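K.L.:
Next up is a structure, given as structure tokens.
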Amino acid sequence: MVTCTIDNKTFQVPEGTTIMEAARKVQIQIPHLCYLKDLNEIAACRVCCVEVEGEHAMVTACNSPVRDGMVVHTNSPRARRTRKINVELILSQHDCRCATCVRSGNCRLQTLANDLGIHDSPYEEQLPKGLRKAWTTTYPLYHDYNKCIKCMRCIQVCDKIQDMHIWDVAGTGGRTTIDVSGNRVIKDSDCTLCGQCIIHCPVAGLRERDDTAKLYEALADPEKVTVVQVAPAVRTAWCEAFGLPRREGTIGKMAAALRRLGFDHVYDTTFGADLTIMEEANEFLERFSKGDTREYPMFTSCCPGWVRFLKGQYPELTSQLSTSKSPQQMFGAMAKTWLAEKLGVEPEKVYCVSIMPCLAKKAECALPTMRTVHGPDVDLSLTTREFIRMLRADHLDPALLPEEPLDDPMGTFTGAGTIFGATGGVMEAALRTAYAKLMGKNPDPDYFAAIRTGPALREATYTLGGKELRCAVVSGLGNTRKLIRALKRKEVHYDFVEVMACPGGCAGGGGQPIPQHDEEFQEVRGKQLYRLDAENPLRYSHENPQIQRLYREFLGEPLSSKAEELLHTDHFGWKI
Amino acid sequence: MSRLQIETPGRAQTVLNGLYQDMHRRISASSPGLCPVDMALNFLRFCHAQSCGKCVPCRVGLGQLESLIEQVLERTATLETIDLIEDTAQVIADSSDCAIGYEAAYMVLKGVRGFREDYEEHVLNGRCICGLSHPVPCVSTCPAHVDIPGYIALIREGHYEEALELIRKDNPFPAVCAYVCEHPCELHCRRQMVDDSVNICGLKRFAVDHAKPAQAPSPAPATGKTVAVIGGGPGGLTAAYYLALMGHSVTVYEQRPQLGGMLRYGIPNYRLPLEILDKDLAYILSAGIQVHTGVSVGTDLSVEELQQRYDAVYIAIGAHSDKKLHLEGEEAQGVYSAVRLLRDIGEGRVPDFSGKRICVIGGGNVSMDATRTAKRLGAASVQCIYRRRLEDMTALEEEIQAAMAEGCEIVTLEAPSRIETDGNGQVTALWTQPQHIGPYNGKNRPNPVKADLPERRFPCDAIIVAIGQSIVTKPFEAIGVTVSRGTIQADLSSSIPGLGNLFAGGDAVSGPATVIKAVAAGKVAADNIDSFFGYHHRISCGVEIPPAHFTNTPPCGRVNLKQHCTPHCVGDFRLVSEGMTPEEALQEASRCLRCDHFGYGSFKGGRNREW
């Protein structure tokens with residue numbers, strides 16, 4: 001332990017604690033911008049500079065450990081001036097048109113500048129112009145050179161968490177900026193579109209392509225029948241932006257909100273998840289018994305970020321992906337066939353929209369393989385953030401909305417489908433159904449609970465019908481790469497592996513609301529999903545009565561030729 | 001009022017002169033990997049500020065060049081802009097009245113022609129081709145990429161053994177390098193921006209002199225693979241050491257009776273005491289390496305045999321042969337080759353130069369070694385004859401100074417023309433043709449030109465020829481190794497194309513170079529031989545690096561090692577340089593700016609924990 005004094009408070013902290021963390025222990029929040037604990041402690045923004053007695057220069061609180069007997073002043077005249085001028089300098093190279101900024105109200109720089117009372121800056125605005133600020137408008141990921149403050153967080157997240165190294169520092173001197181690494185352009189890169197860079201960006205340097213205008217157009221078109229599906233993870237996070245407790249962001253309130261936005265039919269992607277389980281569990285049992293998993297496991301395919309990762313990094317393993325489409329796509333495929341028939345509308349008039357915690361879903365629904373003669377399965381995919389912005393635009397406050405039911409028949413869902421939004425959920429839901437199919441009876445719904453918690457890479461072995469089933473669950477692409485390397489080196493062997501590109505699964509998805517204070521919410525959001533599962537009287541996808549009806553009336557049975565045609569996909573049919 | 005007055009610079013000029021020096025040091029401390037176009041632009045701005053403003057090309061033209069290059073960087077230019085830059089710069093170069101204008105334009109021309117692809121990349125894609133690959137200047141310029149800020153921090157805290165352990169992760173010759181490394185690491189030291197580069201080599205010596213002996217870490221589990229290393233010099237032993245740590249079984253074949261190569265048989269003891277070399281050798285051998293000394297590969301043992309008996313062979317034979325003057329009288333009695341003379345001394349065959357007049361020919365470090373050795377062997381006079389100027393000598397400045405301090409004479413601008421002998425074939429004099437210094441002819445050094453003066457005679461009893469070393473390549477050429485310009489041809493991974501398990505590196509491949517380059521080559525070879533076997537062993541070091549101090553010490557002089565160079569050194573082969581005192585070492589270590597922690601180093605590439 002070392003003793004230090006910060007702003008006249010003397011206390012002890014373990015050796016090695018940074019000034020920033022030490023101050024936090026005595027409720028002193030040292031302002032900072034680029035700092036992200038454990039990931040980005042590079043002292044680039046110089047906002048966290050404090051005055052340390054005996055040192056001739058200012059000291060950065062984020063990466064300087066406390067020394068015994070140290071006396072720190074965070075609000076001395078020199079500390080104040082340093083902080084303010086450095087923020088003013090950052091502002092001089094930042095597009096400060098906050099009124100039209102997607103991150104207004106949730107921008108670290110805006111808060112900091114406001115808090116510091118910077119209402120007028122003495123410095124000339126210096127922003128890249130013309131081609132130097134050009135970025136493609138069609139790609140789902142948007143980089144704004146004029147908003148970017150070069151905090152390097154995106155680089156660190158992509159390097160250290162996702163191990164993808166998409167971003168890098170480009171250039172030197174005053175023109176240094178953040179760009180796609182290796183002098184590539186984003187469209188030619190192997191970006192998985194996980195969106196983790198966006199949710200760790202302190203400003204609007206990175207954001208999703210905003211597709212809300214397309215939705216408004218569809219909603220205004222009297223010819224179109226708008227159908228919306230909401231992914232399970234969205235309900236755990238959307239209310240954060242409105243200050244509503246997590247439990248109160250129910251699907252019922254969401255249904256009310258979506259109807260008020262103007263959707264004709266409101267459903268739940270969880271129905272699609274239940275359908276995915278039916279196909280994927282049966283596909284797995286078939287591939288497992290055929291010996292398909294003897295060398296490499298069958299991989300889940302519901303996470304498009306992961307599918308992009310595998311196709312980009314290990315294309316030779318593409319055939320190991322489950323051919324079952326993701327819940328979003330299955331839902332869309334059924335909406336434009338079975339549902340259209342039920343609603344008595346031409347499939348071409350159905351406009352299928354999804355609200356997703358995800359950026360990669362925007363790319364997935366646009367794939368050439370994810371469509372039928374009636375057009376794309378899903379016409380438009382919006383992130384949770386775009387959904388929230390639309391609610392704001394229509395002054396809809398979820399706190400004041402009633403609980404409303406989802407529409408029939410694709411509004412019925414099980415707890416098994418709900419946990420798709422958390423890491424391990426797809427595996428668990430599939431195992432529940434596979435168990436029932438093999439053993440002729442349902443397992444206890446919590447029989448596979450072991451796979452829910454633990455490190456980012458978890459494994460479990462189950463014996464079903466006398467056969468040993470080796471399963472693994474992993475989230476985050478850095479962890480995924482480690483797993484695949486181990487598989488390729490034959491250090492491990494699994495039959496079934498669930499991969500989610502984002503840490504914590506969709507709950508921590510790149511399309512989710514961005515926390516105000518650099519918190520990581522994937523775990524609490526995930527727990528909410530497990531709570532919803534426990535509260536649902538339906539715990540097995542195969543017991544969803546509407547799924548049973550769908551097979552009875554339309555598909556026949558899992559893996560039938562109709563199911564193969566509509567619910568399965570060819571992963572070789574497109575290139576990353 | 002008096003008609004003439006003593007002129008004194010004003011205050012502004014005095015301050016500005018200081019700033020010029022600051023800029024001078026700052027340019028020296030430039031990191032590799034900066035945007036060359038941006039640099040060219042800013043050099044140009046500086047040049048433009050020097051313009052007196054009288055003439056059009058310089059006053060107007062340089063400014064227009066600035067805005068054109070700015071357009072390139074702002075991505076508002078086209079490829080035609082680059083042509084316009086070139087044409088404009090050419091006209092300024094051709095028509096400026098004075099050097100302020102035309103030299104500025106030449107700088108632009110050099111850039112636009114020398115790195116045109118960088119200009120084009122900016123125009124077409126708005127990017128730089130370059131990139132800061134290694135942000136710590138000393139680590140990036142050290143051929144072996146030793147973790148210099150790490151070991152300096154350890155020295156500052158008094159952890160000398162750990163400092164050496166950290167160095168040995170990348171260089172198993174810390175002791176040798178502490179005494180004789182040419183320390184390219186100090187070249188771009190960022191401390192130059194403050195005052196002067198850190199005396200890195202001197203600090204390493206302090207650690208070497210104060211650390212307790214240690215043993216090599218235990219090797220990785222045995223792989224069963226075998227490697228023969230031909231040559232027991234720094235390169236061969238570096239490869240042998242790391243390969244042994246990786247778990248391979250290594251055998252070193254050394255032609256001479258003892259290990260060390262040029263370190264033992266080329267560097268005089270007053271620069272590198274043998275016990276220092278032995279420290280490193282003992283440590284290296286403790287990794288478990290088999291050694292056969294007195295075996296000449298090619299004579300006693302064929303290369304093919306080694307290739308068959310071992311899974312891989314590394315050729316690290318160095319450059320131990322000498323270059324000839326090709327002058328009349330060169331075979332005369334009393335003419336020595338520097339390489340052979342130093343080797344003979346290393347093997348105990350010490351010639352007696354007592355009372356003799358010696359001429360040494362050459363201007364490199366070996367020439368200085370021969371000069372200073374001759375003095376120690378009792379020579380009545382030593383004259384070092386060189387055909388260019390003192391400032392053109394390739395020997396280290398400090399070596400030349402030391403030779404002069406020891407009473408040797410450096411005779412410049414004299415090109416040897418013939419060797420005079422008496423009836424017995426004994427050398428009596430060296431005849432030279434005086435030179436004057438001439439044009440650069442596009443090279444880094446100006447050429448000497450024959451002066452219109454008569455030949456000069458330097459009466460002497462012995463001549464030592466130190467004009468370069470060569471490589472004995474014959475036994476390797478015989479098995480199909482390609483030799484070009486006297487060196488063995490190996491690729492950058494040190495493998496010899498088309499010859500399977502044969503690798504080569506060090507002086508034998510690069511031509512005569514430095515210890516640290518040989519070490520770097522040995523490292524590269526070890527890594528590639530390991531990969532060749534199908535392994536991916538990693539060499540790491542668990543030493544914990546002390547955290548950086550918060551702020552840096554204010555400007556402070558660099559501690560240089562004292563040199564005891566006196567004309568009274570006859571017969572004295574004791575070490576001439578004196579290590580730092582603990583007080584000096586602490587101060588010097590505290591001058592390190594910790595570029596591993598401050599600046600880009602805390603973000604990317606500040607520390608490689610393994611290779």
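Each chain of the structure tokens is named A, B, ... in the order shown, its residues numbered from 1; ligands are numbered from 1 in display order.
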Could you write out as a list of chain:residue names the residues of chain B within 7 Å of chain A, counting only C-alpha atoms?

P.N.:
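Here they are: B:Leu34, B:Cys35, B:Glu74, B:Arg75, B:Gly126, B:Arg127, B:Cys128, B:Gly131, B:Phe550, B:Thr551, B:Ser602, B:Phe603.
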
K.L.:
Set the distance at 9 Å and use only C-alpha atoms: which residues neighbour range 108-114 of chain A once local chain neighbours fewer than 5 positions away are removed? I'd like the list as a PDB file with C-alpha atoms, in the first residue's frame.

P.N.:
ATOM      1  CA  PRO A  31     -11.873  14.481 -16.307  1.00  0.00           C
ATOM      2  CA  HIS A  32     -10.592  12.374 -19.179  1.00  0.00           C
ATOM      3  CA  LEU A  33     -11.372  11.599 -22.778  1.00  0.00           C
ATOM      4  CA  LYS A  84      -9.220  23.717 -20.591  1.00  0.00           C
ATOM      5  CA  VAL A  87      -9.977  20.546 -24.632  1.00  0.00           C
ATOM      6  CA  GLU A  88     -10.122  23.762 -26.646  1.00  0.00           C
ATOM      7  CA  ILE A  90      -9.333  19.182 -29.409  1.00  0.00           C
ATOM      8  CA  LEU A  91     -12.430  21.229 -30.185  1.00  0.00           C
ATOM      9  CA  CYS A  96     -18.661  21.177 -33.274  1.00  0.00           C
ATOM     10  CA  CYS A  98     -23.606  19.445 -31.989  1.00  0.00           C
ATOM     11  CA  HIS A 119     -18.471  28.574 -24.607  1.00  0.00           C
ATOM     12  CA  ILE A 149     -10.656  13.122 -32.019  1.00  0.00           C
ATOM     13  CA  PRO A 202     -16.375   8.755 -27.210  1.00  0.00           C
ATOM     14  CA  VAL A 203     -17.727  11.041 -29.947  1.00  0.00           C
ATOM     15  CA  GLN A 516     -22.867   7.344 -20.896  1.00  0.00           C
ATOM     16  CA  HIS A 517     -19.830   6.564 -18.788  1.00  0.00           C
TER      17      HIS A 517
END

K.L.:
Using only C-alpha atoms, determine which residues lie at most 8 Å from Gly298 in chain B, disregarding the query and same-chain residues fewer than 3 positions distant; provide the list as JSON, numbers by chain.

P.N.:
{"B": [301, 302, 303, 475, 476]}

K.L.:
Name the closest residue to Pro137 in chain B among the candidates B:Asp311, B:Glu583, B:Asp392, B:Asp596; distances are taken between atoms, counting only C-alpha atoms.

P.N.:
B:Asp596

K.L.:
I'd like the contact shell of Met39 in chain B - 12 Å cut-off, only C-alpha atoms, skipping same-chain residues fewer than 3 positions apart - returned as a tab-separated table (two decimals) with N, CA and C atoms, in the first residue's frame.

P.N.:
chain	number	residue	atom	x	y	z
A	171	GLY	N	-0.68	8.38	-41.40
A	171	GLY	CA	0.05	9.62	-41.53
A	171	GLY	C	0.78	10.01	-40.26
A	172	THR	N	1.57	11.07	-40.38
A	172	THR	CA	2.31	11.58	-39.22
A	172	THR	C	2.10	13.09	-39.18
A	173	GLY	N	2.59	13.69	-38.11
A	173	GLY	CA	2.50	15.15	-38.00
A	173	GLY	C	1.06	15.61	-37.83
A	174	GLY	N	0.81	16.83	-38.26
A	174	GLY	CA	-0.50	17.45	-38.05
A	174	GLY	C	-1.62	16.77	-38.80
A	175	ARG	N	-1.29	15.99	-39.83
A	175	ARG	CA	-2.34	15.34	-40.60
A	175	ARG	C	-2.62	13.92	-40.12
B	27	ILE	N	16.72	17.62	-35.59
B	27	ILE	CA	16.73	16.90	-36.86
B	27	ILE	C	17.47	15.57	-36.68
B	30	SER	N	15.29	12.73	-35.44
B	30	SER	CA	14.10	12.35	-36.21
B	30	SER	C	13.94	10.83	-36.24
B	31	SER	N	12.70	10.39	-36.00
B	31	SER	CA	12.44	8.94	-36.05
B	31	SER	C	12.31	8.49	-37.48
B	32	PRO	N	12.67	7.24	-37.75
B	32	PRO	CA	12.38	6.72	-39.08
B	32	PRO	C	10.87	6.53	-39.24
B	33	GLY	N	10.36	6.66	-40.44
B	33	GLY	CA	8.94	6.38	-40.69
B	33	GLY	C	8.06	7.61	-40.76
B	34	LEU	N	8.66	8.81	-40.78
B	34	LEU	CA	7.84	10.01	-40.89
B	34	LEU	C	7.46	10.26	-42.35
B	35	CYS	N	6.40	11.04	-42.53
B	35	CYS	CA	5.92	11.32	-43.89
B	35	CYS	C	6.97	12.15	-44.63
B	36	PRO	N	7.58	11.64	-45.68
B	36	PRO	CA	8.65	12.38	-46.35
B	36	PRO	C	8.13	13.63	-47.05
B	42	ASN	N	8.14	21.07	-44.87
B	42	ASN	CA	8.58	21.90	-43.75
B	42	ASN	C	10.04	22.30	-43.84
B	43	PHE	N	10.86	21.46	-44.47
B	43	PHE	CA	12.24	21.89	-44.76
B	43	PHE	C	12.20	23.09	-45.70
B	44	LEU	N	11.32	22.98	-46.69
B	44	LEU	CA	11.19	24.05	-47.67
B	44	LEU	C	10.77	25.35	-47.00
B	45	ARG	N	9.85	25.26	-46.06
B	45	ARG	CA	9.40	26.48	-45.35
B	45	ARG	C	10.57	27.13	-44.61
B	46	PHE	N	11.38	26.28	-44.02
B	46	PHE	CA	12.56	26.79	-43.30
B	46	PHE	C	13.49	27.49	-44.29
B	66	GLU	N	5.73	25.59	-51.91
B	66	GLU	CA	5.08	25.25	-50.64
B	66	GLU	C	3.60	25.00	-50.85
B	69	ILE	N	2.97	21.72	-52.70
B	69	ILE	CA	3.16	20.51	-51.87
B	69	ILE	C	2.02	20.41	-50.85
B	70	GLU	N	1.61	21.57	-50.37
B	70	GLU	CA	0.46	21.61	-49.44
B	70	GLU	C	-0.78	21.00	-50.11
B	73	LEU	N	-0.63	17.34	-50.02
B	73	LEU	CA	-0.97	16.81	-48.70
B	73	LEU	C	-2.45	16.99	-48.37
B	107	MET	N	16.76	20.45	-52.86
B	107	MET	CA	16.17	19.58	-51.83
B	107	MET	C	14.80	19.10	-52.28
B	108	VAL	N	14.02	20.02	-52.83
B	108	VAL	CA	12.68	19.63	-53.31
B	108	VAL	C	12.82	18.61	-54.44
B	111	GLY	N	13.65	15.18	-53.31
B	111	GLY	CA	12.47	14.52	-52.73
B	111	GLY	C	11.49	14.07	-53.80
B	112	VAL	N	11.16	14.96	-54.70
B	112	VAL	CA	10.11	14.65	-55.67
B	112	VAL	C	10.58	13.53	-56.61
B	115	PHE	N	11.31	10.21	-53.70
B	115	PHE	CA	10.14	9.51	-53.15
B	115	PHE	C	8.86	9.97	-53.84
B	118	ASP	N	5.57	8.46	-52.87
B	118	ASP	CA	4.88	9.01	-51.70
B	118	ASP	C	4.00	10.20	-52.12
B	119	TYR	N	4.55	11.02	-53.01
B	119	TYR	CA	3.76	12.13	-53.55
B	119	TYR	C	2.51	11.57	-54.22
B	128	CYS	N	-0.15	8.16	-46.59
B	128	CYS	CA	1.30	8.02	-46.61
B	128	CYS	C	1.62	6.56	-46.86

K.L.:
Give the alpha helix (DSSP H) residues of range 53-136 of chain A, as DSSP finds them on the backbone, and put them as a ChimeraX atom specification.

P.N.:
/A:77-92,108-115

K.L.:
What would the file look like if the residues just selected were written as an mmCIF file, in the first residue's frame with C-alpha atoms?

P.N.:
data_model
loop_
_atom_site.group_PDB
_atom_site.id
_atom_site.type_symbol
_atom_site.label_atom_id
_atom_site.label_comp_id
_atom_site.auth_asym_id
_atom_site.auth_seq_id
_atom_site.Cartn_x
_atom_site.Cartn_y
_atom_site.Cartn_z
ATOM 1 C CA PRO A 77 -4.850 26.903 -11.470
ATOM 2 C CA ARG A 78 -2.291 25.132 -13.645
ATOM 3 C CA ALA A 79 -4.371 21.930 -13.826
ATOM 4 C CA ARG A 80 -7.460 23.928 -14.767
ATOM 5 C CA ARG A 81 -5.651 25.844 -17.477
ATOM 6 C CA THR A 82 -4.021 22.704 -18.903
ATOM 7 C CA ARG A 83 -7.321 20.861 -19.027
ATOM 8 C CA LYS A 84 -9.220 23.717 -20.591
ATOM 9 C CA ILE A 85 -6.691 24.583 -23.267
ATOM 10 C CA ASN A 86 -6.217 20.966 -24.263
ATOM 11 C CA VAL A 87 -9.977 20.546 -24.632
ATOM 12 C CA GLU A 88 -10.122 23.762 -26.646
ATOM 13 C CA LEU A 89 -7.391 22.403 -28.910
ATOM 14 C CA ILE A 90 -9.333 19.182 -29.409
ATOM 15 C CA LEU A 91 -12.430 21.229 -30.185
ATOM 16 C CA SER A 92 -10.530 23.198 -32.821
ATOM 17 C CA ARG A 108 -17.884 12.733 -23.951
ATOM 18 C CA LEU A 109 -16.361 15.758 -25.617
ATOM 19 C CA GLN A 110 -19.594 17.721 -25.512
ATOM 20 C CA THR A 111 -20.082 16.958 -21.828
ATOM 21 C CA LEU A 112 -16.491 17.789 -21.048
ATOM 22 C CA ALA A 113 -16.539 21.096 -22.921
ATOM 23 C CA ASN A 114 -19.842 22.057 -21.311
ATOM 24 C CA ASP A 115 -18.601 21.079 -17.865
#

K.L.:
CA of Asp379 in chain A and CA of Gly573 in chain A are how many Å apart?

P.N.:
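Computing it gives 19.0 Å between the two atoms.
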
K.L.:
Find the residues around range 419-422 of chain A up to 6 Å (only C-alpha atoms counted), leave out those fewer than 6 positions away in its own chain, and share them as a list in words.

P.N.:
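Once the nearby chain positions are removed, what remains is Pro232, Ala233, Gly505, Cys506, Ala507, Gly526 and Leu529 of chain A.
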
K.L.:
Just give me the gap between CA of Met164 in chain A and CA of His143 in chain A in Å, one decimal is fine.

P.N.:
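For CA of Met164 in chain A relative to CA of His143 in chain A, the distance reads 16.9 Å.
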
K.L.:
List every residue of range 66-236 of chain B that DSSP, applied to the backbone of this structure, assigns to strand (DSSP E or B), and report them as a list in words.

P.N.:
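Answer for range 66-236 of chain B restricted to strand (DSSP E or B) is Thr226, Val227, Ala228, Val229 and Ile230 of chain B.
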
K.L.:
In Å, rounded to a single decimal, give me how far CA of Leu457 in chain A is from CA of Val473 in chain A.

P.N.:
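Separation between CA of Val473 in chain A and CA of Leu457 in chain A: 5.8 Å.
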
K.L.:
Quick one: residues within 8 Å of Arg190 in chain B, only C-alpha atoms counted, chain neighbours fewer than 3 positions away excluded, as number ranges by chain?

P.N.:
B: 26, 29-30, 137, 193-194, 197, 593, 595

K.L.:
What's the 10 Å shell around Val411 in chain B, counting only C-alpha atoms, without same-chain residues fewer than 6 positions away, as a list in words?

P.N.:
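My reading of the contact set: Cys359, Val360, Ile361, Gln383, Cys384, Ile385, Tyr386, Arg387, Arg388, Arg389 and Leu390 of chain B.
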
K.L.:
Set out as CSV a contact list for range 224-298 of chain B and range 338-347 of chain B with a cut-off of 10 Å, giving each residue of range 224-298 of chain B that qualifies its closest atom pair and distance in Å to one decimal, counting only C-alpha atoms, ordered by chain and rising residue number.

P.N.:
residue,atom,partner,partner_atom,distance
B:Arg256,CA,B:Glu347,CA,8.9
B:Pro257,CA,B:Glu347,CA,8.3
B:Gln258,CA,B:Glu347,CA,9.0
B:Gly261,CA,B:Arg343,CA,9.4
B:Met262,CA,B:Arg343,CA,8.2
B:Leu263,CA,B:Gly346,CA,9.6
B:Arg264,CA,B:Gly346,CA,6.3
B:Tyr265,CA,B:Arg343,CA,4.4
B:Gly266,CA,B:Leu342,CA,5.4
B:Ile267,CA,B:Leu342,CA,7.4
B:Pro268,CA,B:Leu342,CA,7.2
B:Asn269,CA,B:Gly346,CA,8.8
B:Leu274,CA,B:Gly346,CA,9.7

K.L.:
Output N, CA and C atoms for every residue in the selection just made, as a PDB file, in the first residue's frame.

P.N.:
ATOM      1  N   ARG B 256      40.009 -21.464 -35.237  1.00  0.00           N
ATOM      2  CA  ARG B 256      41.099 -21.057 -34.356  1.00  0.00           C
ATOM      3  C   ARG B 256      41.055 -21.848 -33.045  1.00  0.00           C
ATOM      4  N   PRO B 257      42.114 -21.737 -32.250  1.00  0.00           N
ATOM      5  CA  PRO B 257      42.146 -22.539 -31.015  1.00  0.00           C
ATOM      6  C   PRO B 257      41.109 -22.112 -29.974  1.00  0.00           C
ATOM      7  N   GLN B 258      40.634 -20.871 -30.059  1.00  0.00           N
ATOM      8  CA  GLN B 258      39.663 -20.428 -29.054  1.00  0.00           C
ATOM      9  C   GLN B 258      38.490 -19.709 -29.694  1.00  0.00           C
ATOM     10  N   GLY B 261      36.219 -15.289 -32.382  1.00  0.00           N
ATOM     11  CA  GLY B 261      36.393 -14.675 -33.700  1.00  0.00           C
ATOM     12  C   GLY B 261      37.133 -13.357 -33.596  1.00  0.00           C
ATOM     13  N   MET B 262      36.668 -12.376 -34.319  1.00  0.00           N
ATOM     14  CA  MET B 262      37.315 -11.059 -34.334  1.00  0.00           C
ATOM     15  C   MET B 262      37.374 -10.427 -32.950  1.00  0.00           C
ATOM     16  N   LEU B 263      36.454 -10.841 -32.062  1.00  0.00           N
ATOM     17  CA  LEU B 263      36.464 -10.254 -30.724  1.00  0.00           C
ATOM     18  C   LEU B 263      37.752 -10.631 -30.001  1.00  0.00           C
ATOM     19  N   ARG B 264      38.211 -11.855 -30.276  1.00  0.00           N
ATOM     20  CA  ARG B 264      39.444 -12.307 -29.635  1.00  0.00           C
ATOM     21  C   ARG B 264      40.658 -11.998 -30.506  1.00  0.00           C
ATOM     22  N   TYR B 265      40.502 -12.204 -31.826  1.00  0.00           N
ATOM     23  CA  TYR B 265      41.657 -12.142 -32.715  1.00  0.00           C
ATOM     24  C   TYR B 265      41.714 -10.861 -33.539  1.00  0.00           C
ATOM     25  N   GLY B 266      40.818  -9.927 -33.287  1.00  0.00           N
ATOM     26  CA  GLY B 266      40.841  -8.701 -34.075  1.00  0.00           C
ATOM     27  C   GLY B 266      40.853  -7.448 -33.217  1.00  0.00           C
ATOM     28  N   ILE B 267      40.193  -7.496 -32.074  1.00  0.00           N
ATOM     29  CA  ILE B 267      40.101  -6.282 -31.259  1.00  0.00           C
ATOM     30  C   ILE B 267      41.177  -6.322 -30.171  1.00  0.00           C
ATOM     31  N   PRO B 268      42.011  -5.287 -30.137  1.00  0.00           N
ATOM     32  CA  PRO B 268      43.093  -5.288 -29.145  1.00  0.00           C
ATOM     33  C   PRO B 268      42.553  -5.255 -27.706  1.00  0.00           C
ATOM     34  N   ASN B 269      43.339  -5.787 -26.801  1.00  0.00           N
ATOM     35  CA  ASN B 269      42.918  -5.900 -25.400  1.00  0.00           C
ATOM     36  C   ASN B 269      42.685  -4.561 -24.709  1.00  0.00           C
ATOM     37  N   LEU B 274      40.288  -9.511 -22.433  1.00  0.00           N
ATOM     38  CA  LEU B 274      39.824 -10.871 -22.705  1.00  0.00           C
ATOM     39  C   LEU B 274      38.856 -11.390 -21.652  1.00  0.00           C
TER      40      LEU B 274
END

K.L.:
B:Leu166, B:Ala178, B:Val37, B:Ala478: which is nearest Glu117 in chain B, counting only C-alpha atoms?

P.N.:
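Closest candidate: B:Val37.
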
K.L.:
For a quick check of understanding, using only C-alpha atoms, which of A:Leu193, A:Tyr351, A:Trp135, A:Val66 has the smallest distance to Asp221 in chain A?

P.N.:
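Of A:Leu193, A:Tyr351, A:Trp135, A:Val66, the one nearest Asp221 in chain A, counting only C-alpha atoms, is A:Tyr351.
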